[in-house]
Every structure is written in C-alpha cells, then in structure tokens.
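Structure data follow from target06.cif (mmCIF, C-alpha atoms):
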data_my_file
loop_
_atom_site.label_atom_id
_atom_site.label_comp_id
_atom_site.auth_asym_id
_atom_site.auth_seq_id
_atom_site.Cartn_x
_atom_site.Cartn_y
_atom_site.Cartn_z
CA MET F 1 0.00 0.00 0.00
CA LYS F 2 2.76 2.42 0.94
CA LYS F 3 4.65 1.52 -2.23
CA ILE F 4 1.59 2.29 -4.33
CA PHE F 5 1.14 5.58 -2.52
CA TYR F 6 4.80 6.52 -3.00
CA ILE F 7 4.61 5.90 -6.72
CA ALA F 8 1.37 7.85 -6.91
CA ILE F 9 2.60 10.94 -5.08
CA LEU F 10 5.60 11.21 -7.40
CA THR F 11 3.68 10.72 -10.62
CA LEU F 12 0.27 12.27 -10.03
CA GLY F 13 -0.78 15.81 -10.65
CA ILE F 14 1.39 16.76 -13.59
CA VAL F 15 -1.05 19.34 -14.85
CA LEU F 16 0.56 22.75 -15.00
CA THR F 17 4.05 23.89 -15.87
CA ALA F 18 5.57 26.89 -17.55
CA GLY F 19 6.11 26.72 -21.31
CA CYS F 20 9.42 25.16 -22.27
CA SER F 21 11.62 25.36 -25.31
CA GLY F 22 11.68 22.50 -27.77
CA GLY F 23 14.36 19.88 -28.09
CA SER F 24 16.98 19.60 -30.80
CA GLY F 25 14.69 18.14 -33.48
CA ASN F 26 14.34 20.80 -36.19
CA ASN F 27 11.61 18.87 -38.03
CA GLN F 28 9.07 19.17 -35.20
CA THR F 29 5.95 21.28 -35.56
CA PRO F 30 4.01 23.17 -32.85
CA GLU F 31 1.57 20.24 -32.76
CA ASN F 32 4.07 17.84 -31.19
CA LYS F 33 5.95 19.80 -28.56
CA ALA F 34 6.01 18.75 -24.91
CA THR F 35 4.93 22.25 -23.94
CA ASP F 36 1.55 21.77 -25.66
CA TYR F 37 0.48 19.53 -22.81
CA PHE F 38 1.56 21.83 -19.97
CA ALA F 39 -0.08 25.25 -20.10
CA ASN F 40 1.23 28.03 -17.86
CA LYS F 41 -1.95 28.71 -15.90
CA GLU F 42 -1.96 30.32 -12.46
CA ASN F 43 -4.67 30.18 -9.80
CA VAL F 44 -6.28 27.04 -11.21
CA LEU F 45 -7.30 24.14 -8.98
CA TYR F 46 -7.46 20.70 -10.60
CA THR F 47 -9.49 18.03 -8.84
CA TYR F 48 -9.11 14.34 -9.63
CA GLY F 49 -11.48 11.61 -8.57
CA GLY F 50 -10.07 8.19 -7.83
CA THR F 51 -10.95 4.52 -7.64
CA GLY F 52 -9.11 1.46 -6.36
CA ASN F 53 -7.10 3.17 -3.62
CA GLU F 54 -7.70 5.72 -0.88
CA TYR F 55 -4.89 7.88 -2.27
CA ALA F 56 -6.15 7.99 -5.85
CA ALA F 57 -8.29 11.12 -5.41
CA TYR F 58 -6.35 14.36 -5.04
CA THR F 59 -6.11 18.04 -5.87
CA ALA F 60 -3.29 19.92 -7.58
CA PHE F 61 -2.50 23.63 -7.36
CA ASN F 62 0.51 25.63 -8.59
CA GLU F 63 1.93 27.49 -5.59
CA TYR F 64 4.81 29.15 -7.42
CA ALA F 65 5.74 29.58 -11.07
CA ALA F 66 8.78 31.36 -12.51
CA ASN F 67 11.60 30.94 -15.03
CA GLY F 68 10.38 27.68 -16.50
CA LYS F 69 9.75 26.07 -13.12
CA VAL F 70 6.56 25.31 -11.24
CA GLN F 71 6.02 24.20 -7.65
CA GLN F 72 2.86 22.16 -7.47
CA ARG F 73 1.05 21.13 -4.29
CA ILE F 74 -0.55 17.69 -4.31
CA VAL F 75 -3.06 16.87 -1.58
CA ASN F 76 -4.62 13.42 -1.33
CA GLY F 77 -5.92 11.17 1.41
CA GLY F 78 -2.46 10.33 2.73
CA ALA F 79 -0.15 13.28 2.21
CA ASN F 80 0.14 16.99 1.61
CA GLY F 81 3.28 17.45 -0.44
CA ILE F 82 4.92 19.37 -3.26
CA LYS F 83 6.99 18.79 -6.35
CA VAL F 84 9.00 21.20 -8.46
CA LEU F 85 8.84 20.66 -12.19
CA GLU F 86 11.17 22.18 -14.75
CA CYS F 87 10.38 22.58 -18.42
CA LYS F 88 13.62 22.74 -20.40
CA ASP F 89 15.14 21.41 -23.61
CA GLY F 90 11.98 19.61 -24.68
CA LYS F 91 11.62 17.73 -21.40
CA ILE F 92 9.35 18.00 -18.38
CA THR F 93 11.31 16.92 -15.29
CA ILE F 94 10.57 16.63 -11.57
CA ASN F 95 13.72 17.97 -9.90
CA TYR F 96 12.48 18.37 -6.32
CA ALA F 97 9.81 16.57 -4.30
CA GLU F 98 8.59 16.41 -0.71
CA GLY F 99 5.90 13.84 0.03
CA ASP F 100 4.91 15.49 3.31
CA MET F 101 5.30 19.28 3.42
CA PRO F 102 2.06 20.87 4.67
CA TYR F 103 3.60 24.32 5.12
CA ARG F 104 3.99 26.68 2.17
CA GLU F 105 7.54 27.63 1.20
CA ASN F 106 9.08 28.44 -2.16
CA LYS F 107 11.35 25.60 -3.27
CA LEU F 108 11.74 26.59 -6.92
CA ASN F 109 15.46 27.20 -6.51
CA GLU F 110 16.14 24.44 -4.00
CA ALA F 111 18.94 22.03 -4.88
CA SER F 112 17.55 19.04 -6.75
CA ASN F 113 16.72 15.97 -4.65
CA THR F 114 15.31 13.88 -7.51
CA SER F 115 15.29 13.80 -11.28
CA GLU F 116 12.48 12.13 -13.18
CA VAL F 117 11.61 12.88 -16.79
CA LEU F 118 7.84 12.86 -17.22
CA LEU F 119 7.58 13.69 -20.91
CA MET F 120 10.20 13.90 -23.63
CA GLU F 121 10.28 15.02 -27.23
CA PRO F 122 9.86 13.96 -29.94
CA ILE F 123 6.17 13.51 -29.22
CA LYS F 124 5.74 10.45 -31.37
CA LYS F 125 4.89 6.83 -30.75
CA GLY F 126 7.88 4.83 -29.58
CA THR F 127 9.86 7.60 -27.86
CA THR F 128 11.36 5.79 -24.85
CA TRP F 129 13.56 6.72 -21.90
CA ASN F 130 14.83 4.99 -18.77
CA LEU F 131 14.33 6.22 -15.20
CA ALA F 132 16.91 5.98 -12.45
CA ASP F 133 14.94 3.39 -10.44
CA GLY F 134 14.77 0.95 -13.36
CA ARG F 135 11.38 1.95 -14.73
CA VAL F 136 11.00 2.38 -18.49
CA ARG F 137 8.77 5.14 -19.85
CA THR F 138 7.43 5.12 -23.42
CA LEU F 139 5.12 7.32 -25.47
CA THR F 140 2.76 4.54 -26.62
CA ASN F 141 0.02 6.48 -28.40
CA THR F 142 -0.28 10.00 -29.83
CA SER F 143 -4.05 10.03 -30.37
CA VAL F 144 -6.38 8.19 -28.01
CA LYS F 145 -9.89 9.17 -26.90
CA VAL F 146 -10.10 9.40 -23.11
CA THR F 147 -13.35 9.94 -21.22
CA VAL F 148 -13.24 11.39 -17.70
CA PRO F 149 -15.84 13.21 -15.56
CA MET F 150 -14.73 16.51 -17.16
CA GLY F 151 -15.49 15.21 -20.66
CA GLU F 152 -13.82 13.50 -23.58
CA TYR F 153 -10.28 14.41 -24.65
CA ASP F 154 -7.96 13.51 -27.49
CA ALA F 155 -4.83 12.58 -25.57
CA ILE F 156 -1.37 11.15 -25.81
CA GLU F 157 -0.57 8.02 -23.81
CA VAL F 158 2.64 7.58 -21.80
CA THR F 159 3.27 4.12 -20.35
CA THR F 160 5.70 3.37 -17.52
CA THR F 161 6.69 -0.21 -16.70
CA LYS F 162 8.78 -2.10 -14.18
CA GLY F 163 8.17 -5.80 -13.63
CA SER F 164 4.42 -6.31 -13.23
CA ASP F 165 3.82 -2.61 -12.46
CA THR F 166 2.35 -0.53 -15.26
CA THR F 167 1.25 3.11 -15.19
CA LYS F 168 -0.55 4.76 -18.08
CA GLN F 169 -0.81 8.54 -18.08
CA TYR F 170 -2.99 10.44 -20.53
CA TYR F 171 -2.25 14.07 -21.38
CA ALA F 172 -4.48 16.47 -23.32
CA LYS F 173 -3.32 19.65 -25.03
CA GLY F 174 -3.84 22.76 -22.96
CA ILE F 175 -4.93 20.70 -19.95
CA GLY F 176 -2.13 18.36 -18.96
CA LEU F 177 -2.84 15.12 -17.14
CA VAL F 178 -6.46 13.99 -17.55
CA LYS F 179 -6.21 10.37 -16.46
CA LEU F 180 -3.84 7.91 -14.81
CA ILE F 181 -4.23 4.13 -14.56
CA TYR F 182 -1.88 2.11 -12.36
CA SER F 183 -1.85 -1.71 -12.37
CA ASN F 184 0.37 -4.25 -10.64
CA GLY F 185 -1.23 -7.31 -12.23
CA THR F 186 -3.70 -7.71 -9.38
CA ASP F 187 -4.97 -4.28 -8.40
CA GLU F 188 -5.90 -1.32 -10.57
CA ILE F 189 -5.96 2.31 -9.45
CA THR F 190 -7.42 5.14 -11.50
CA SER F 191 -7.29 8.91 -11.12
CA ALA F 192 -9.37 11.00 -13.51
CA LEU F 193 -9.90 14.73 -13.94
CA SER F 194 -13.26 15.74 -12.47
CA LYS F 195 -13.14 19.53 -12.10
CA ILE F 196 -11.13 22.61 -13.09
CA GLU F 197 -11.65 25.77 -11.03
CA GLU F 198 -10.44 29.07 -12.47
CA ASN F 199 -9.36 31.99 -10.24
CA ALA F 200 -8.95 29.54 -7.37
CA SER F 201 -6.85 29.79 -4.23
CA GLU F 202 -4.91 27.40 -2.07
CA THR F 203 -6.40 27.42 1.44
CA GLN F 204 -4.60 26.41 4.62
CA ASN F 205 -5.96 26.36 8.15
CA VAL F 206 -3.48 28.06 10.48
CA ASN F 207 -3.56 28.47 14.28
CA PHE F 208 -2.61 31.97 15.45
CA TYR F 209 -1.66 32.34 19.13
CA TYR F 210 -2.18 35.38 21.36
CA PRO F 211 -1.20 36.06 25.00
CA ASN F 212 -3.48 36.98 27.90
CA ILE F 213 -1.34 38.70 30.51
CA ASN F 214 -4.20 38.71 33.01
CA ASN F 215 -4.31 34.94 33.47
CA GLY F 216 -1.00 33.89 31.90
CA LYS F 217 -2.71 31.74 29.26
CA TYR F 218 -2.26 31.49 25.53
CA TYR F 219 -5.31 31.62 23.28
CA TYR F 220 -5.45 30.63 19.64
CA VAL F 221 -7.87 30.92 16.76
CA SER F 222 -7.90 28.74 13.66
CA LYS F 223 -8.07 30.87 10.53
CA ASP F 224 -8.47 29.82 6.91
CA VAL F 225 -5.67 31.53 4.99
CA SER F 226 -5.93 31.80 1.20
CA PHE F 227 -2.97 32.01 -1.16
CA LYS F 228 -2.84 32.75 -4.87
CA THR F 229 -0.04 31.53 -7.11
CA ASN F 230 3.22 33.33 -6.24
CA ASP F 231 1.81 34.95 -3.09
CA VAL F 232 4.53 35.51 -0.50
CA THR F 233 3.69 33.30 2.49
CA LYS F 234 5.29 35.53 5.14
CA ASP F 235 3.34 38.58 4.02
CA ILE F 236 -0.03 36.81 4.00
CA LEU F 237 0.58 35.28 7.43
CA ALA F 238 1.73 38.62 8.88
CA ALA F 239 -1.45 40.33 7.68
CA LYS F 240 -3.59 37.59 9.24
CA TYR F 241 -1.69 37.82 12.51
CA LYS F 242 -2.58 41.49 12.89
CA GLU F 243 -6.25 40.56 13.28
CA GLN F 244 -7.31 40.51 16.93
CA ILE F 245 -9.45 37.84 18.60
CA GLY F 246 -10.59 39.57 21.80
CA VAL F 247 -11.21 37.50 24.99
CA GLY F 248 -8.68 39.62 26.88
CA THR F 249 -5.77 38.87 24.58
CA GLY F 250 -3.25 41.45 23.47
CA LYS F 251 -1.86 42.06 20.02
CA VAL F 252 1.21 40.24 18.76
CA PHE F 253 1.99 42.14 15.55
CA GLY F 254 1.52 45.89 15.43
CA THR F 255 0.26 47.61 12.31
CA THR F 256 3.79 48.41 11.11
CA THR F 257 5.35 45.02 11.91
CA VAL F 258 6.88 43.31 8.89
CA ILE F 259 8.23 39.78 8.55
CA ASN F 260 11.50 40.26 6.67
CA SER F 261 12.07 36.55 6.17
CA LEU F 262 10.55 33.26 7.27
CA THR F 263 11.94 29.80 6.65
CA LEU F 264 12.43 26.32 8.07
CA LYS F 265 16.10 25.35 7.91
CA SER F 266 17.74 21.95 7.81
CA ASP F 267 18.59 22.16 11.53
CA GLY F 268 14.88 21.73 12.33
CA LYS F 269 14.37 25.31 13.51
CA VAL F 270 12.12 28.01 12.08
CA TYR F 271 13.86 31.32 11.50
CA ILE F 272 11.71 34.44 11.51
CA ASP F 273 13.26 37.88 11.06
CA LEU F 274 11.12 40.88 12.04
CA ASN F 275 11.63 44.59 11.48
CA LYS F 276 12.54 46.98 14.30
CA ALA F 277 8.96 48.26 14.40
CA PHE F 278 7.91 45.01 16.06
CA VAL F 279 9.88 45.98 19.18
CA THR F 280 9.06 49.68 19.20
CA ASP F 281 5.33 49.05 18.70
CA MET F 282 5.15 46.41 21.43
CA ASN F 283 5.57 48.67 24.50
CA ALA F 284 5.28 45.74 26.93
CA GLY F 285 6.82 44.69 30.22
CA SER F 286 9.21 41.76 30.31
CA GLU F 287 6.59 39.14 31.26
CA TYR F 288 4.17 40.26 28.59
CA GLU F 289 6.96 40.53 26.02
CA SER F 290 7.99 36.98 26.82
CA MET F 291 4.42 35.80 26.25
CA ILE F 292 4.27 37.65 22.92
CA LEU F 293 7.48 36.00 21.75
CA THR F 294 6.20 32.57 22.85
CA SER F 295 2.97 33.24 20.94
CA ILE F 296 5.05 33.85 17.82
CA ALA F 297 6.98 30.63 18.47
CA ASN F 298 3.70 28.74 18.92
CA THR F 299 2.21 30.10 15.71
CA PHE F 300 5.12 29.58 13.36
CA GLY F 301 6.55 26.53 15.09
CA GLN F 302 3.22 24.73 14.78
CA TYR F 303 2.79 25.90 11.18
CA TYR F 304 6.10 24.27 10.24
CA GLY F 305 5.72 21.32 12.61
CA VAL F 306 8.71 22.06 14.88
CA ASN F 307 9.15 23.29 18.45
CA LYS F 308 12.13 25.66 18.12
CA VAL F 309 11.87 29.14 16.63
CA VAL F 310 14.70 31.64 16.23
CA ILE F 311 13.41 35.23 16.29
CA THR F 312 15.71 37.99 15.04
CA ILE F 313 15.34 41.71 14.38
CA ASP F 314 16.59 43.09 11.06
CA GLY F 315 19.08 40.23 10.82
CA SER F 316 20.52 40.55 14.32
CA ALA F 317 19.90 38.52 17.49
CA TYR F 318 16.69 39.53 19.28
CA SER F 319 17.26 42.49 21.58
CA SER F 320 14.89 44.75 23.51
CA GLY F 321 15.02 46.63 26.76
CA ALA F 322 14.09 43.51 28.72
CA ILE F 323 15.07 40.46 26.66
CA LEU F 324 18.45 39.84 25.03
CA MET F 325 19.08 36.72 22.97
CA LYS F 326 22.41 35.39 21.73
CA GLN F 327 22.93 34.65 18.06
CA GLY F 328 21.21 31.35 17.27
CA GLU F 329 19.25 31.13 20.54
CA TYR F 330 15.68 30.03 20.07
CA PHE F 331 12.26 30.16 21.70
CA LYS F 332 10.39 26.92 22.37
CA THR F 333 6.73 26.39 21.68
CA LYS F 334 4.31 26.07 24.61
CA LEU F 335 1.18 24.54 23.15
CA THR F 336 -0.03 22.56 26.15
CA GLY F 337 -2.91 24.28 27.89
CA ALA F 338 -3.54 26.80 25.13
CA VAL F 339 -7.22 27.74 24.84
CA HIS F 340 -8.99 27.51 21.49
CA VAL F 341 -11.15 30.49 20.59
CA ASN F 342 -14.17 30.39 18.33
CA PRO F 343 -14.27 33.89 16.79
CA ALA F 344 -18.05 33.85 16.73
CA SER F 345 -18.63 32.92 20.35
CA GLY F 346 -15.38 33.44 22.26
CA ALA F 347 -13.30 30.78 24.03
CA ASP F 348 -14.39 27.14 23.80
#

Represent the structure of the file as structure tokens.
Amino acid sequence: MKKIFYIAILTLGIVLTAGCSGGSGNNQTPENKATDYFANKENVLYTYGGTGNEYAAYTAFNEYAANGKVQQRIVNGGANGIKVLECKDGKITINYAEGDMPYRENKLNEASNTSEVLLMEPIKKGTTWNLADGRVRTLTNTSVKVTVPMGEYDAIEVTTTKGSDTTKQYYAKGIGLVKLIYSNGTDEITSALSKIEENASETQNVNFYYPNINNGKYYYVSKDVSFKTNDVTKDILAAKYKEQIGVGTGKVFGTTTVINSLTLKSDGKVYIDLNKAFVTDMNAGSEYESMILTSIANTFGQYYGVNKVVITIDGSAYSSGAILMKQGEYFKTKLTGAVHVNPASGAD
C-alpha cells in the first residue's frame, strides 16, 4: 500500500508547468511539442477523482511559477506534499519533491533531490527513456480518446513499466494530465480529472496564538488563509496575525510590523526575522513581552511542525530593553494548555 502511494505521489498531478523550449529536433511542428500539454496557468485548482485506492483522489495547485519552473502542491488522502517541475530542452522533469510538506515555502530554486523525466520530445509513438529506479517510460500512443468526468479528450498516452507494475498517463493539449491508470497485475488504481476551477486559491488552516497577561494563558484561533499563485507566504501570514481575537488577549503584531524573512532550515528550527517596528510598537513589560514571543513561536513553530523558533530583528539577534538573545538562541513552543477560541462565540 505504501509503495503504491509513494509511486502515486511522485507521478500524479502533472497538470501545470511553464512553457518550455523544444528539443533539438528541427523537423518538429508546434503540434508535437512537450509544452503543448503543460499550459502556464496560475490560480487554477485541478481536482481528480479516484478509484481502487484511498490515495487515488487528489487536488493539484501551482503554488509558485517562474523561469520555466513550477512548484505544485498535491493533496490526497495520505499526504500533503509538493513537487518542483522544470520545463527545459523539450523535457518536463521533476527535480524536487517532498511527500509530506504541509507548510507553504518556495522551493523553486532548492537544490535538486530527484530527477524524473515525465515527458520527452519527440512527441511520437515509440519515444522511450529509462528512469533511475529501473522503470522504463514510453510514449505509446499519440491520439487516443479518453473519457473522464470533465469530458472526452484527445490525448497522448505515456506508459511506464517495471516488472508487473504498469502506469498509463494520458495528457491532453492545454490541460495536462487527464487520467492515470496504475496496475500491478492484481490491483488497478485510476485517477481522472473531475473539475477545473479558475481563479482559485490554495487554502490552509493556520492556528494563530495570542497572550493573555491577566491569566498567563495562551489563546489561539484557527483561521483559513488563502494564497494565490506566487503569493509571498510571510506577508499573507503577517497580515492575518494582525487581526485581533478579543477574549482579553493582546496584540502580537503591530500595524507596522513586517516579517522580513521566514523559513524552516535543515537544523529543524524556524527562522523568523522581524523589522525593528515590532519591538518599538510592542511597549510591553518583560513578562508580557515573553508571552508575545512565545505566541510567535507557537504560531510559526506549529505551522512548520517544529518546536524551536529563532526570532531575530533586522538580521541581528533579538534584543529589547528587557530580553536579550544570543545569536542562534531560540524560543520553544508552549502549546499545552492553550485555549482555542471560536471567533463567533469566544473561548471554547
């Protein structure tokens, strides 16, 4: 089951990439370029229905797109991950993938951790290439009628084999992947395009934490945060954090607070750099300031799934009138005992 899921998460959802230049074949026409099957569309949500496996149904959304690369988020019943695809020299290639990455961070320029050619020119029957894990991928048909919930498409068929495992992917011009059929000789799994939503957003549910100095407790509210393609995550989250929740809690970010940078590094810590206005706008005693900083650690630590958060100010170690941190020192999350707040009715 896990093997099937792993194969699926790396091969599903190839629906949107930037246009790429053709290969070296000078005799090719615009009708048989790889780029015909991967339109550069932003803010489009593709939904696929599935049969035969709990992971077969999924959604795909382009989080980032630039310079011939696209970062696509794939969400199915077992994972929330991303892959980065590059369109270059007549090939569509996955050059980065994370099977479980629920947070949103731009990985377009991340060093490659995989390399898998999905489609290769010339787009003609018989074009074949080998994959690093021993699979063989072949363009087996250049005109096949495929019916899915979205309708009927004239598609090309790409077949991948290894032992008894066979995957057939069907791509339609201007759409991308419309259907996938995986078989291992016993089981068959199908994913088929069921809906395309234009002007769509990627939505994540994020917990934002706030301090209550009166009782020493932390309160949090779960907010749906929407992102368009190429939105900057830190800016959207900062704007959401400036919204108050009441119930005796104080503010965390002032109106002029800016997140300069926000990232999860390989050491397992989140690094968040704030502007000087965060400190000057706070105007809090040491105990309250400590609670504000822990609220930030709770919010961004939980978002990235870690418990250590390094907070800096304009690139330097955190420093205020009451709290001085050394370079690299971090704040730990304190989630236990935090009180959930329903914005409509107050604390639960």

Pull the closest atom pair for each residue of segment 107-196 of chain F that gets at most 10 Å from segment 56-78 of chain F, along with the distance in Å to one decimal, counting only C-alpha atoms, ordering rows by chain and then ascending residue number, as JSON lines.
{"residue": "F:Lys107", "atom": "CA", "partner": "F:Gln71", "partner_atom": "CA", "distance": 7.0}
{"residue": "F:Leu108", "atom": "CA", "partner": "F:Gln71", "partner_atom": "CA", "distance": 6.2}
{"residue": "F:Asn109", "atom": "CA", "partner": "F:Lys69", "partner_atom": "CA", "distance": 8.8}
{"residue": "F:Leu180", "atom": "CA", "partner": "F:Ala56", "partner_atom": "CA", "distance": 9.3}
{"residue": "F:Ile181", "atom": "CA", "partner": "F:Ala56", "partner_atom": "CA", "distance": 9.7}
{"residue": "F:Tyr182", "atom": "CA", "partner": "F:Ala56", "partner_atom": "CA", "distance": 9.8}
{"residue": "F:Ile189", "atom": "CA", "partner": "F:Ala56", "partner_atom": "CA", "distance": 6.7}
{"residue": "F:Thr190", "atom": "CA", "partner": "F:Ala56", "partner_atom": "CA", "distance": 6.5}
{"residue": "F:Ser191", "atom": "CA", "partner": "F:Ala56", "partner_atom": "CA", "distance": 5.5}
{"residue": "F:Ala192", "atom": "CA", "partner": "F:Ala57", "partner_atom": "CA", "distance": 8.2}
{"residue": "F:Leu193", "atom": "CA", "partner": "F:Ala57", "partner_atom": "CA", "distance": 9.4}
{"residue": "F:Ser194", "atom": "CA", "partner": "F:Ala57", "partner_atom": "CA", "distance": 9.8}
{"residue": "F:Lys195", "atom": "CA", "partner": "F:Thr59", "partner_atom": "CA", "distance": 9.5}
{"residue": "F:Ile196", "atom": "CA", "partner": "F:Thr59", "partner_atom": "CA", "distance": 9.9}

Item to complete: Would you mind reading off the distance between atom CA of Thr147 of chain F and atom CA of Thr229 of chain F, one decimal, in Å?
Response: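 About the pair atom CA of Thr147 of chain F and atom CA of Thr229 of chain F: they are 29.0 Å apart.
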
Discussion item. What's the separation between atom CA of Lys83 of chain F and atom CA of Ser115 of chain F, in Å to one decimal place?
Written reply: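 Separation of atom CA of Lys83 of chain F and atom CA of Ser115 of chain F: 10.9 Å.
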
Discussion item. On this structure, the PyMOL selection byres ((chain F and resi 305) around 10) would catch which residues? List them as a ChimeraX atom specification, sorted by chain and number.
Written reply: /F:101-103,264,268-270,298-304,306-308

Mind giving me the axis-aligned box for segment 97-112 of chain F with 6 Å on every side, centre plus edges in Å to one decimal, as AutoDock Vina command-line options?
--center_x 10.5 --center_y 21.1 --center_z -0.9 --size_x 28.9 --size_y 26.6 --size_z 24.0

Discussion item. Just checking: using all atoms listed in the file, which residue out of F:Asp187, F:Asn207, F:Ala34, F:Ile245 ends up closest to Leu139 of chain F?
Written reply: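 That would be F:Ala34, the residue with the smallest distance to Leu139 of chain F.
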
Item to complete: Could you list the residues chosen by the PyMOL selection byres ((chain F and resi 327-332) around 7) in this structure as a list in words?
Response: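 Matching residues under the PyMOL selection byres ((chain F and resi 327-332) around 7) are Thr294, Ala297, Asn307, Lys308, Val309, Val310, Ile311, Ala317, Met325, Lys326, Thr333 and Lys334 of chain F.
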
Just to be explicit: take each residue in the selection above, keep C-alpha atoms, and write the result as a PDB file, keeping the file's coordinate frame.
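Full text of part19.pdb as output:
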ATOM      1  CA  THR F 294       6.200  32.570  22.850  1.00  0.00           C
ATOM      2  CA  ALA F 297       6.980  30.630  18.470  1.00  0.00           C
ATOM      3  CA  ASN F 307       9.150  23.290  18.450  1.00  0.00           C
ATOM      4  CA  LYS F 308      12.130  25.660  18.120  1.00  0.00           C
ATOM      5  CA  VAL F 309      11.870  29.140  16.630  1.00  0.00           C
ATOM      6  CA  VAL F 310      14.700  31.640  16.230  1.00  0.00           C
ATOM      7  CA  ILE F 311      13.410  35.230  16.290  1.00  0.00           C
ATOM      8  CA  ALA F 317      19.900  38.520  17.490  1.00  0.00           C
ATOM      9  CA  MET F 325      19.080  36.720  22.970  1.00  0.00           C
ATOM     10  CA  LYS F 326      22.410  35.390  21.730  1.00  0.00           C
ATOM     11  CA  THR F 333       6.730  26.390  21.680  1.00  0.00           C
ATOM     12  CA  LYS F 334       4.310  26.070  24.610  1.00  0.00           C
TER      13      LYS F 334
END

Practice prompt. Can you work out which one of F:Ser201, F:Thr257, F:Thr263, F:Asn53 has the shortest atom-to-atom distance to Phe278 of chain F, counting only C-alpha atoms?
Written response: F:Thr257

Worksheet item: Looking at F:Phe208, F:Glu243, F:Ala277, F:Lys265, which one is nearest to Glu110 of chain F, with distances taken over only C-alpha atoms?
Response: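 Among F:Phe208, F:Glu243, F:Ala277, F:Lys265, it is F:Lys265 that comes nearest to Glu110 of chain F.
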